[in-house]
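**Student:** One file: start_16.txt (compact mmCIF, C-alpha atoms and all ligand atoms).
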# COMPACT_ATOMS: atom_id res chain seq x y z
CA MET A 1 67.61 26.01 -75.71
CA ILE A 2 64.97 26.39 -73.02
CA LYS A 3 62.71 29.43 -73.09
CA LEU A 4 60.16 30.19 -70.39
CA TYR A 5 57.26 32.54 -71.05
CA HIS A 6 56.78 34.45 -67.82
CA VAL A 7 55.23 37.66 -66.52
CA THR A 8 57.80 39.26 -64.22
CA PRO A 9 56.62 41.77 -61.60
CA GLU A 10 58.08 44.97 -63.03
CA GLY A 11 55.25 46.95 -64.59
CA ASP A 12 52.72 44.12 -64.26
CA PRO A 13 49.36 45.24 -62.83
CA LEU A 14 49.20 42.06 -60.73
CA HIS A 15 52.89 42.03 -59.68
CA GLY A 16 53.80 39.07 -61.87
CA SER A 17 52.73 35.48 -62.40
CA ARG A 18 52.93 33.01 -59.50
CA GLU A 19 52.23 30.07 -61.84
CA ALA A 20 55.18 31.02 -64.05
CA ALA A 21 57.26 31.73 -60.93
CA LYS A 22 56.91 28.03 -60.08
CA ALA A 23 58.42 27.03 -63.43
CA ALA A 24 61.19 29.64 -63.12
CA ILE A 25 62.11 28.46 -59.62
CA ALA A 26 62.15 24.81 -60.73
CA LEU A 27 64.40 25.69 -63.67
CA ARG A 28 66.77 27.70 -61.47
CA GLU A 29 66.99 24.79 -59.01
CA THR A 30 68.30 22.55 -61.80
CA GLY A 31 71.05 24.97 -62.77
CA ALA A 32 69.78 24.73 -66.38
CA ASP A 33 70.60 27.38 -68.90
CA PHE A 34 67.31 29.05 -69.85
CA GLU A 35 65.97 32.37 -71.00
CA ILE A 36 62.88 34.23 -69.90
CA GLU A 37 60.54 35.74 -72.46
CA ASN A 38 58.76 38.41 -70.46
CA MET A 39 55.15 38.91 -71.55
CA ASN A 40 52.70 41.71 -71.00
CA ARG A 41 49.48 40.06 -69.85
CA VAL A 42 47.21 42.82 -71.11
CA LYS A 43 48.88 43.62 -74.44
CA ASP A 44 50.42 40.25 -75.39
CA MET A 45 48.47 37.48 -73.67
CA ARG A 46 44.84 38.56 -73.58
CA PRO A 47 44.09 39.60 -77.20
CA VAL A 48 42.17 36.69 -78.79
CA ASP A 49 43.85 37.08 -82.17
CA GLY A 50 47.28 37.99 -80.78
CA HIS A 51 50.43 35.93 -81.41
CA TYR A 52 50.51 34.52 -77.89
CA LYS A 53 47.00 33.05 -77.88
CA THR A 54 47.09 31.84 -81.48
CA LYS A 55 50.64 30.43 -81.55
CA ILE A 56 51.88 29.81 -78.00
CA ASN A 57 49.05 29.11 -75.57
CA PRO A 58 45.36 29.24 -76.54
CA MET A 59 44.52 29.82 -72.88
CA GLY A 60 46.52 33.04 -72.94
CA THR A 61 48.26 32.15 -69.69
CA VAL A 62 51.83 31.69 -68.49
CA PRO A 63 53.89 29.64 -67.98
CA ALA A 64 54.65 28.14 -71.35
CA LEU A 65 57.91 26.31 -71.99
CA ASP A 66 59.71 26.02 -75.30
CA HIS A 67 62.45 23.38 -75.25
CA ASP A 68 64.13 23.31 -78.65
CA GLY A 69 60.72 23.72 -80.28
CA PHE A 70 58.90 21.28 -77.99
CA MET A 71 56.11 23.29 -76.37
CA LEU A 72 54.72 22.49 -72.94
CA LEU A 73 51.94 24.26 -71.03
CA GLU A 74 50.70 24.11 -67.43
CA SER A 75 52.94 24.83 -64.45
CA ALA A 76 52.53 21.35 -62.91
CA ALA A 77 53.46 19.60 -66.17
CA ILE A 78 56.40 21.95 -66.69
CA MET A 79 57.78 21.36 -63.19
CA ASN A 80 57.47 17.60 -63.64
CA TYR A 81 59.15 17.79 -67.05
CA VAL A 82 62.02 19.90 -65.74
CA ALA A 83 62.47 17.57 -62.76
CA GLU A 84 62.66 14.55 -65.08
CA LEU A 85 64.94 16.31 -67.53
CA PHE A 86 67.41 17.08 -64.74
CA PRO A 87 67.13 14.09 -62.36
CA ASP A 88 70.24 15.16 -60.42
CA SER A 89 68.36 18.26 -59.28
CA GLY A 90 66.46 16.06 -56.80
CA LEU A 91 63.27 17.99 -57.55
CA LEU A 92 61.56 14.61 -57.67
CA PRO A 93 62.56 12.09 -55.00
CA ASP A 94 64.33 8.93 -56.16
CA THR A 95 61.69 6.46 -54.92
CA ALA A 96 58.29 5.81 -56.49
CA GLN A 97 56.65 6.59 -53.16
CA GLY A 98 58.58 9.85 -52.81
CA ARG A 99 57.62 10.90 -56.33
CA GLY A 100 54.02 9.93 -55.59
CA LYS A 101 53.97 12.18 -52.55
CA ALA A 102 55.64 15.11 -54.34
CA ARG A 103 53.06 14.86 -57.13
CA GLN A 104 50.25 14.48 -54.60
CA TRP A 105 51.10 17.94 -53.22
CA VAL A 106 51.48 19.48 -56.67
CA MET A 107 48.01 18.15 -57.54
CA TRP A 108 46.57 19.25 -54.20
CA GLU A 109 47.87 22.76 -54.79
CA GLY A 110 46.43 22.94 -58.29
CA THR A 111 43.01 21.65 -57.24
CA CYS A 112 42.07 21.81 -53.52
CA TYR A 113 44.27 24.75 -52.52
CA CYS A 114 43.61 26.75 -55.68
CA LEU A 115 39.86 26.29 -55.42
CA ALA A 116 39.91 27.99 -52.01
CA LEU A 117 42.36 30.61 -53.29
CA CYS A 118 40.13 31.44 -56.27
CA ASN A 119 37.02 31.63 -54.08
CA LEU A 120 38.80 34.16 -51.89
CA CYS A 121 40.12 36.12 -54.89
CA MET A 122 36.57 36.30 -56.18
CA LEU A 123 35.35 38.04 -53.03
CA HIS A 124 38.35 39.80 -51.51
CA PRO A 125 38.32 43.58 -51.96
CA VAL A 126 40.87 44.60 -54.61
CA LYS A 127 43.41 46.83 -52.87
CA ASP A 128 47.01 46.17 -53.76
CA VAL A 129 46.66 45.37 -57.46
CA ASP A 130 45.19 47.11 -60.48
CA ALA A 131 41.42 46.47 -60.31
CA PRO A 132 40.52 46.13 -64.04
CA ALA A 133 43.48 43.82 -64.70
CA PHE A 134 42.46 41.68 -61.72
CA GLU A 135 38.73 41.69 -62.38
CA ALA A 136 39.30 40.48 -65.95
CA ILE A 137 40.39 37.13 -64.45
CA TYR A 138 37.31 36.94 -62.21
CA PRO A 139 34.35 37.98 -64.38
CA PHE A 140 31.87 36.67 -61.78
CA ARG A 141 33.07 38.90 -58.95
CA PRO A 142 30.02 40.31 -57.17
CA ASP A 143 29.88 44.08 -57.31
CA ALA A 144 28.46 44.47 -53.82
CA ASN A 145 30.09 43.67 -50.51
CA HIS A 146 29.40 40.03 -49.57
CA GLU A 147 30.61 39.88 -45.98
CA LYS A 148 29.21 36.45 -45.09
CA GLU A 149 30.58 34.82 -48.25
CA LEU A 150 33.95 36.51 -47.72
CA GLU A 151 34.07 35.11 -44.20
CA LEU A 152 33.31 31.62 -45.54
CA ALA A 153 36.02 32.01 -48.18
CA TYR A 154 38.54 32.93 -45.45
CA GLU A 155 37.41 29.87 -43.45
CA GLN A 156 37.88 27.61 -46.46
CA PHE A 157 41.31 29.13 -47.15
CA ALA A 158 42.26 28.70 -43.47
CA HIS A 159 41.16 25.06 -43.64
CA ARG A 160 43.57 24.45 -46.53
CA HIS A 161 46.37 26.07 -44.53
CA GLY A 162 45.43 23.81 -41.60
CA VAL A 163 45.93 20.76 -43.84
CA LEU A 164 49.33 22.06 -44.97
CA GLU A 165 50.29 23.01 -41.40
CA ASN A 166 49.59 19.46 -40.15
CA ASN A 167 51.49 17.95 -43.04
CA LEU A 168 54.54 20.07 -42.19
CA LYS A 169 54.51 19.05 -38.53
CA GLY A 170 57.94 17.56 -37.86
CA ASN A 171 58.84 17.89 -41.57
CA ASP A 172 61.02 20.46 -43.28
CA TYR A 173 59.32 19.93 -46.65
CA VAL A 174 55.90 18.86 -47.87
CA ALA A 175 56.74 15.46 -49.39
CA ASN A 176 58.77 12.76 -47.64
CA ASN A 177 60.70 15.49 -45.83
CA SER A 178 62.69 16.12 -48.97
CA TYR A 179 62.58 19.35 -51.00
CA SER A 180 60.64 18.83 -54.25
CA ILE A 181 58.32 20.33 -56.84
CA GLY A 182 55.59 19.99 -54.18
CA ASP A 183 57.26 22.76 -52.15
CA ILE A 184 57.63 24.93 -55.24
CA ALA A 185 53.97 24.57 -56.24
CA LEU A 186 52.73 25.46 -52.78
CA GLY A 187 55.29 28.02 -51.65
CA ALA A 188 54.77 30.20 -54.72
CA HIS A 189 51.06 30.46 -53.93
CA VAL A 190 51.16 30.62 -50.12
CA ALA A 191 53.25 33.77 -50.67
CA LEU A 192 50.06 35.45 -51.96
CA ALA A 193 49.00 35.82 -48.31
CA GLY A 194 50.05 39.47 -48.35
CA LEU A 195 47.79 40.44 -51.24
CA LEU A 196 44.90 38.57 -49.62
CA ASP A 197 45.52 39.94 -46.10
CA PHE A 198 45.71 36.38 -44.84
CA ASP A 199 47.56 35.98 -41.54
CA LEU A 200 50.08 33.14 -41.65
CA ARG A 201 51.11 33.53 -38.00
CA PRO A 202 48.55 31.00 -36.65
CA PHE A 203 50.40 28.44 -38.82
CA PRO A 204 53.93 28.30 -37.35
CA ASN A 205 55.04 25.26 -39.38
CA ILE A 206 54.05 27.07 -42.58
CA CYS A 207 55.90 30.21 -41.47
CA ASP A 208 59.09 28.22 -40.73
CA TRP A 209 58.80 26.40 -44.06
CA MET A 210 58.33 29.67 -45.98
CA LYS A 211 61.42 31.09 -44.27
CA ARG A 212 63.29 27.91 -45.26
CA LEU A 213 62.25 28.34 -48.92
CA GLU A 214 63.30 31.98 -48.73
CA GLN A 215 66.88 30.89 -47.97
CA ARG A 216 67.22 29.10 -51.31
CA PRO A 217 68.98 31.10 -54.08
CA ALA A 218 66.44 29.92 -56.68
CA TRP A 219 63.68 31.60 -54.67
CA GLN A 220 65.75 34.70 -53.90
CA GLN A 221 66.20 35.23 -57.65
CA GLU A 222 62.46 35.08 -58.33
CA GLY A 223 61.13 38.63 -58.19
CA VAL A 224 57.46 37.57 -57.97
CA PHE A 225 58.22 35.62 -54.80
CA THR A 226 60.49 38.21 -53.17
CA GLY A 227 57.87 40.91 -53.87
CA ASP A 228 55.13 38.78 -52.31
CA MET A 229 57.28 38.04 -49.25
CA GLN A 230 57.99 41.74 -48.86
CA MET A 231 54.24 42.44 -48.74
CA ILE A 232 53.73 39.64 -46.18
CA ARG A 233 56.42 41.23 -43.99
CA ASP A 234 55.15 44.79 -44.51
CA LYS A 235 51.72 43.65 -43.31
CA ASN A 236 53.19 41.63 -40.40
CA LEU A 237 51.51 38.44 -41.56
CA ILE A 238 54.45 36.09 -40.86
N1 LIG A 301 46.63 26.10 -64.86
C1 LIG A 301 47.57 27.05 -65.36
C2 LIG A 301 47.19 28.43 -64.86
C3 LIG A 301 48.06 29.50 -65.42
C4 LIG A 301 47.56 30.91 -65.08
O1 LIG A 301 46.39 31.11 -64.76
N2 LIG A 301 48.47 31.88 -65.16
C5 LIG A 301 48.06 33.27 -64.92
C6 LIG A 301 49.16 34.01 -64.24
S1 LIG A 301 49.49 33.45 -62.61
C7 LIG A 301 47.88 33.96 -66.24
O2 LIG A 301 48.67 33.76 -67.13
N3 LIG A 301 46.83 34.80 -66.37
C8 LIG A 301 46.53 35.46 -67.58
C9 LIG A 301 45.98 36.84 -67.39
O3 LIG A 301 46.08 37.41 -66.31
O4 LIG A 301 45.48 37.35 -68.37
C10 LIG A 301 48.99 26.68 -64.91
O5 LIG A 301 49.13 26.09 -63.81
O6 LIG A 301 49.95 26.92 -65.65
In structure tokens, how does this file's structure come out?
Ligand SMILES: N[C@@H](CCC(=O)N[C@@H](CS)C(=O)NCC(=O)O)C(=O)O

**Tutor:**
Amino acid sequence: MIKLYHVTPEGDPLHGSREAAKAAIALRETGADFEIENMNRVKDMRPVDGHYKTKINPMGTVPALDHDGFMLLESAAIMNYVAELFPDSGLLPDTAQGRGKARQWVMWEGTCYCLALCNLCMLHPVKDVDAPAFEAIYPFRPDANHEKELELAYEQFAHRHGVLENNLKGNDYVANNSYSIGDIALGAHVALAGLLDFDLRPFPNICDWMKRLEQRPAWQQEGVFTGDMQMIRDKNLI
């Protein structure tokens, strides 16, 4: 049995976990039978001596995967594991070069893209989420308005979207023009544009790609993603 520890959007102060959404989308793409264990980030995951941190994930984060007692942490590792477990899913291309490229984009998302995302989260005014729940993740948020730094963070974030935009030129998907875990890693986080008031319209290839991902049933069933896309549309950012 496969169990995925997730934070779904209903009742969550931050509208759910995008990292766990990646794992849930990957699992849905495989057609695997799995169950979701929905966690409360404040009550279940954050207490230092709680069951989640002591027995499931010492980092107190989701996703965590339990496959017949085998425990795996980290969204990138979980997506790779799921893709290898279900090779017919095509979540990893069938050539070494294709797999290399898919993993390149998963790594790029988790490092280069996320660095810029976190810098922006650190400085962006908290508006559409619960402030204390959000600020607990960013203990070094400045308490005053840092306009210049915020502008630089937007520039850095825009640079990352420029890299992705160029990579998608003439391609439907991020790696070898074939849908993979690279698209899942990136799409789940690019959808945060609404919460960050980041305009995707100057990046037409990204907009088309997001709309392509939105057509897939695995993404339509992921409430974190559909909620984020709704906010993007409500704010006319796509
Ligand atoms: N590197 C980890 C990051 C996981 C992570 O930070 N997850 C967030 C949710 S998106 C979390 O669980 N935060 C805990 C909290 O808000 O207390 C991964 O990729 O799985």

**Student:** Measure the distance from atom CA of Asp49 of chain A to atom O4 of ligand LIG 301 (chain A) in Å and round it to one decimal.

**Tutor:**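 Going from atom CA of Asp49 of chain A over to atom O4 of ligand LIG 301 (chain A), I get 13.9 Å.
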
**Student:** Could you give me the residues within 7 Å of ligand LIG 301 (chain A), counting all atoms listed in the file, as a short mmCIF file (atom, residue, chain, number, x, y, z; two decimals) with C-alpha atoms, in the coordinates of the input?

**Tutor:**
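To be explicit, this is the file written out as result10.cif:
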data_model
loop_
_atom_site.label_atom_id
_atom_site.label_comp_id
_atom_site.auth_asym_id
_atom_site.auth_seq_id
_atom_site.Cartn_x
_atom_site.Cartn_y
_atom_site.Cartn_z
CA SER A 17 52.73 35.48 -62.40
CA ARG A 18 52.93 33.01 -59.50
CA GLU A 19 52.23 30.07 -61.84
CA ALA A 20 55.18 31.02 -64.05
CA ARG A 41 49.48 40.06 -69.85
CA VAL A 42 47.21 42.82 -71.11
CA MET A 45 48.47 37.48 -73.67
CA ARG A 46 44.84 38.56 -73.58
CA GLY A 60 46.52 33.04 -72.94
CA THR A 61 48.26 32.15 -69.69
CA VAL A 62 51.83 31.69 -68.49
CA PRO A 63 53.89 29.64 -67.98
CA LEU A 73 51.94 24.26 -71.03
CA GLU A 74 50.70 24.11 -67.43
CA SER A 75 52.94 24.83 -64.45
CA ALA A 76 52.53 21.35 -62.91
CA GLY A 110 46.43 22.94 -58.29
CA ILE A 137 40.39 37.13 -64.45
#

**Student:** Let me make sure I understand: among A:Ser178, A:Gly69, A:Gly162, A:Ala83, which one has the smallest atom-to-atom distance to Ile25 of chain A if we use all atoms listed in the file?

**Tutor:**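 Of A:Ser178, A:Gly69, A:Gly162, A:Ala83, the one nearest Ile25 of chain A is A:Ala83, counting all atoms listed in the file.
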
**Student:** Rank nothing, just name the residue among A:Val7, A:Leu192, A:Met79, A:Ile232 nearest to Ala23 of chain A, using all atoms listed in the file.

**Tutor:**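 Result for the nearest residue to Ala23 of chain A: A:Met79.
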
**Student:** Considering only C-alpha atoms, state which residue in the set A:Leu195, A:Thr95, A:Arg201, A:Ala32 is at the smallest distance from Met231 of chain A.

**Tutor:**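 With only C-alpha atoms as the atom set, the closest residue is A:Leu195.
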
**Student:** Between A:Leu213, A:Leu168, A:His6, A:Ala153, which has the minimum distance to Leu117 of chain A (counting only C-alpha atoms)?

**Tutor:** A:Ala153

**Student:** At what distance in Å, to one decimal, does atom CA of Phe225 of chain A lie from atom CA of Gly194 of chain A?

**Tutor:**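 Computing the Euclidean distance for atom CA of Gly194 of chain A and atom CA of Phe225 of chain A yields 11.1 Å.
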
**Student:** So, counting all atoms listed in the file, which residue among A:Phe203, A:Tyr5, A:Tyr138, A:Phe157 is closest to Met71 of chain A?

**Tutor:**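 Selected residue with least distance to Met71 of chain A: A:Tyr5.
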
**Student:** Could you tell me how far atom CA of Val163 of chain A sits from atom CA of Asn177 of chain A, in Å to one decimal place?

**Tutor:**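 It comes out at 15.8 Å.
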
**Student:** Which residue out of A:Thr30, A:Thr111, A:Met59, A:Ala24 has the minimum interatomic distance to Pro47 of chain A when all atoms listed in the file are used?

**Tutor:** A:Met59

**Student:** Just want the 12 Å neighbourhood of Arg99 of chain A, counted on only C-alpha atoms, with same-chain residues fewer than 3 positions away dropped. Output as a list in words.

**Tutor:**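 Within the cut-off, the hits are Asn80, Ala83, Glu84, Pro87, Gly90, Leu91, Leu92, Pro93, Asp94, Thr95, Ala96, Ala102, Arg103, Gln104, Trp105, Val106, Val174, Ala175, Asn176, Asn177, Ser178, Tyr179, Ser180, Ile181 and Gly182 of chain A.
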
**Student:** Can you tell me, as AutoDock Vina command-line options, the centre and edge lengths (Å, one decimal) of the axis-aligned box enclosing all of segment 179-191 of chain A's listed atoms after padding each side by 6 Å?

**Tutor:**
--center_x 56.8 --center_y 26.3 --center_z -53.5 --size_x 23.5 --size_y 26.9 --size_z 18.7

**Student:** If you count all atoms listed in the file, which residues fall within 10 Å of segment 9-15 of chain A, apart from same-chain ones fewer than 3 positions away, as a VMD selection string?

**Tutor:** chain A and resid 6 18 38 to 42 128 to 134 195 222 to 228

**Student:** Would you mind putting all heavy atoms back on segment 221-232 of chain A and writing the result as a short mmCIF file (atom, residue, chain, number, x, y, z; two decimals), keeping the file's coordinate frame?

**Tutor:**
data_model
loop_
_atom_site.label_atom_id
_atom_site.label_comp_id
_atom_site.auth_asym_id
_atom_site.auth_seq_id
_atom_site.Cartn_x
_atom_site.Cartn_y
_atom_site.Cartn_z
N GLN A 221 66.07 34.62 -56.31
CA GLN A 221 66.20 35.23 -57.65
C GLN A 221 64.85 35.42 -58.34
O GLN A 221 64.80 35.94 -59.44
CB GLN A 221 67.09 34.34 -58.53
CG GLN A 221 68.55 34.35 -58.12
CD GLN A 221 69.29 33.13 -58.64
OE1 GLN A 221 68.92 32.56 -59.66
NE2 GLN A 221 70.33 32.73 -57.93
N GLU A 222 63.78 34.97 -57.71
CA GLU A 222 62.46 35.08 -58.33
C GLU A 222 61.73 36.31 -57.78
O GLU A 222 61.23 36.31 -56.65
CB GLU A 222 61.65 33.79 -58.05
CG GLU A 222 60.27 33.79 -58.66
CD GLU A 222 60.23 34.24 -60.11
OE1 GLU A 222 60.94 33.68 -60.95
OE2 GLU A 222 59.51 35.22 -60.40
N GLY A 223 61.67 37.35 -58.62
CA GLY A 223 61.13 38.63 -58.19
C GLY A 223 59.67 38.58 -57.76
O GLY A 223 59.24 39.34 -56.89
N VAL A 224 58.88 37.68 -58.37
CA VAL A 224 57.46 37.57 -57.97
C VAL A 224 57.41 37.14 -56.50
O VAL A 224 56.68 37.71 -55.68
CB VAL A 224 56.72 36.53 -58.85
CG1 VAL A 224 55.28 36.40 -58.40
CG2 VAL A 224 56.77 36.93 -60.31
N PHE A 225 58.23 36.15 -56.16
CA PHE A 225 58.22 35.62 -54.80
C PHE A 225 58.78 36.65 -53.80
O PHE A 225 58.17 36.89 -52.75
CB PHE A 225 59.04 34.31 -54.74
CG PHE A 225 59.17 33.76 -53.36
CD1 PHE A 225 58.08 33.15 -52.73
CD2 PHE A 225 60.38 33.83 -52.67
CE1 PHE A 225 58.21 32.64 -51.44
CE2 PHE A 225 60.51 33.32 -51.39
CZ PHE A 225 59.43 32.71 -50.78
N THR A 226 59.89 37.27 -54.14
CA THR A 226 60.49 38.21 -53.17
C THR A 226 59.54 39.40 -52.95
O THR A 226 59.41 39.90 -51.84
CB THR A 226 61.88 38.70 -53.62
OG1 THR A 226 61.79 39.27 -54.93
CG2 THR A 226 62.89 37.57 -53.63
N GLY A 227 58.84 39.82 -54.02
CA GLY A 227 57.87 40.91 -53.87
C GLY A 227 56.72 40.50 -52.95
O GLY A 227 56.29 41.27 -52.08
N ASP A 228 56.22 39.26 -53.15
CA ASP A 228 55.13 38.78 -52.31
C ASP A 228 55.57 38.67 -50.84
O ASP A 228 54.82 39.02 -49.92
CB ASP A 228 54.64 37.40 -52.80
CG ASP A 228 53.77 37.51 -54.05
OD1 ASP A 228 53.30 38.63 -54.37
OD2 ASP A 228 53.55 36.48 -54.72
N MET A 229 56.79 38.18 -50.63
CA MET A 229 57.28 38.04 -49.25
C MET A 229 57.44 39.40 -48.59
O MET A 229 57.19 39.56 -47.40
CB MET A 229 58.61 37.26 -49.23
CG MET A 229 58.47 35.79 -49.52
SD MET A 229 57.28 34.91 -48.48
CE MET A 229 58.11 34.86 -46.90
N GLN A 230 57.85 40.38 -49.40
CA GLN A 230 57.99 41.74 -48.86
C GLN A 230 56.63 42.24 -48.36
O GLN A 230 56.53 42.83 -47.27
CB GLN A 230 58.54 42.66 -49.95
CG GLN A 230 58.96 44.03 -49.45
CD GLN A 230 60.00 43.93 -48.34
OE1 GLN A 230 61.02 43.25 -48.51
NE2 GLN A 230 59.75 44.57 -47.20
N MET A 231 55.58 41.98 -49.15
CA MET A 231 54.24 42.44 -48.74
C MET A 231 53.78 41.71 -47.47
O MET A 231 53.19 42.30 -46.57
CB MET A 231 53.22 42.23 -49.87
CG MET A 231 51.92 42.94 -49.58
SD MET A 231 50.70 42.88 -50.89
CE MET A 231 51.41 43.90 -52.15
N ILE A 232 54.08 40.41 -47.39
CA ILE A 232 53.73 39.64 -46.18
C ILE A 232 54.41 40.27 -44.96
O ILE A 232 53.79 40.44 -43.90
CB ILE A 232 54.18 38.16 -46.34
CG1 ILE A 232 53.27 37.45 -47.34
CG2 ILE A 232 54.18 37.44 -45.01
CD1 ILE A 232 53.64 35.99 -47.61
#
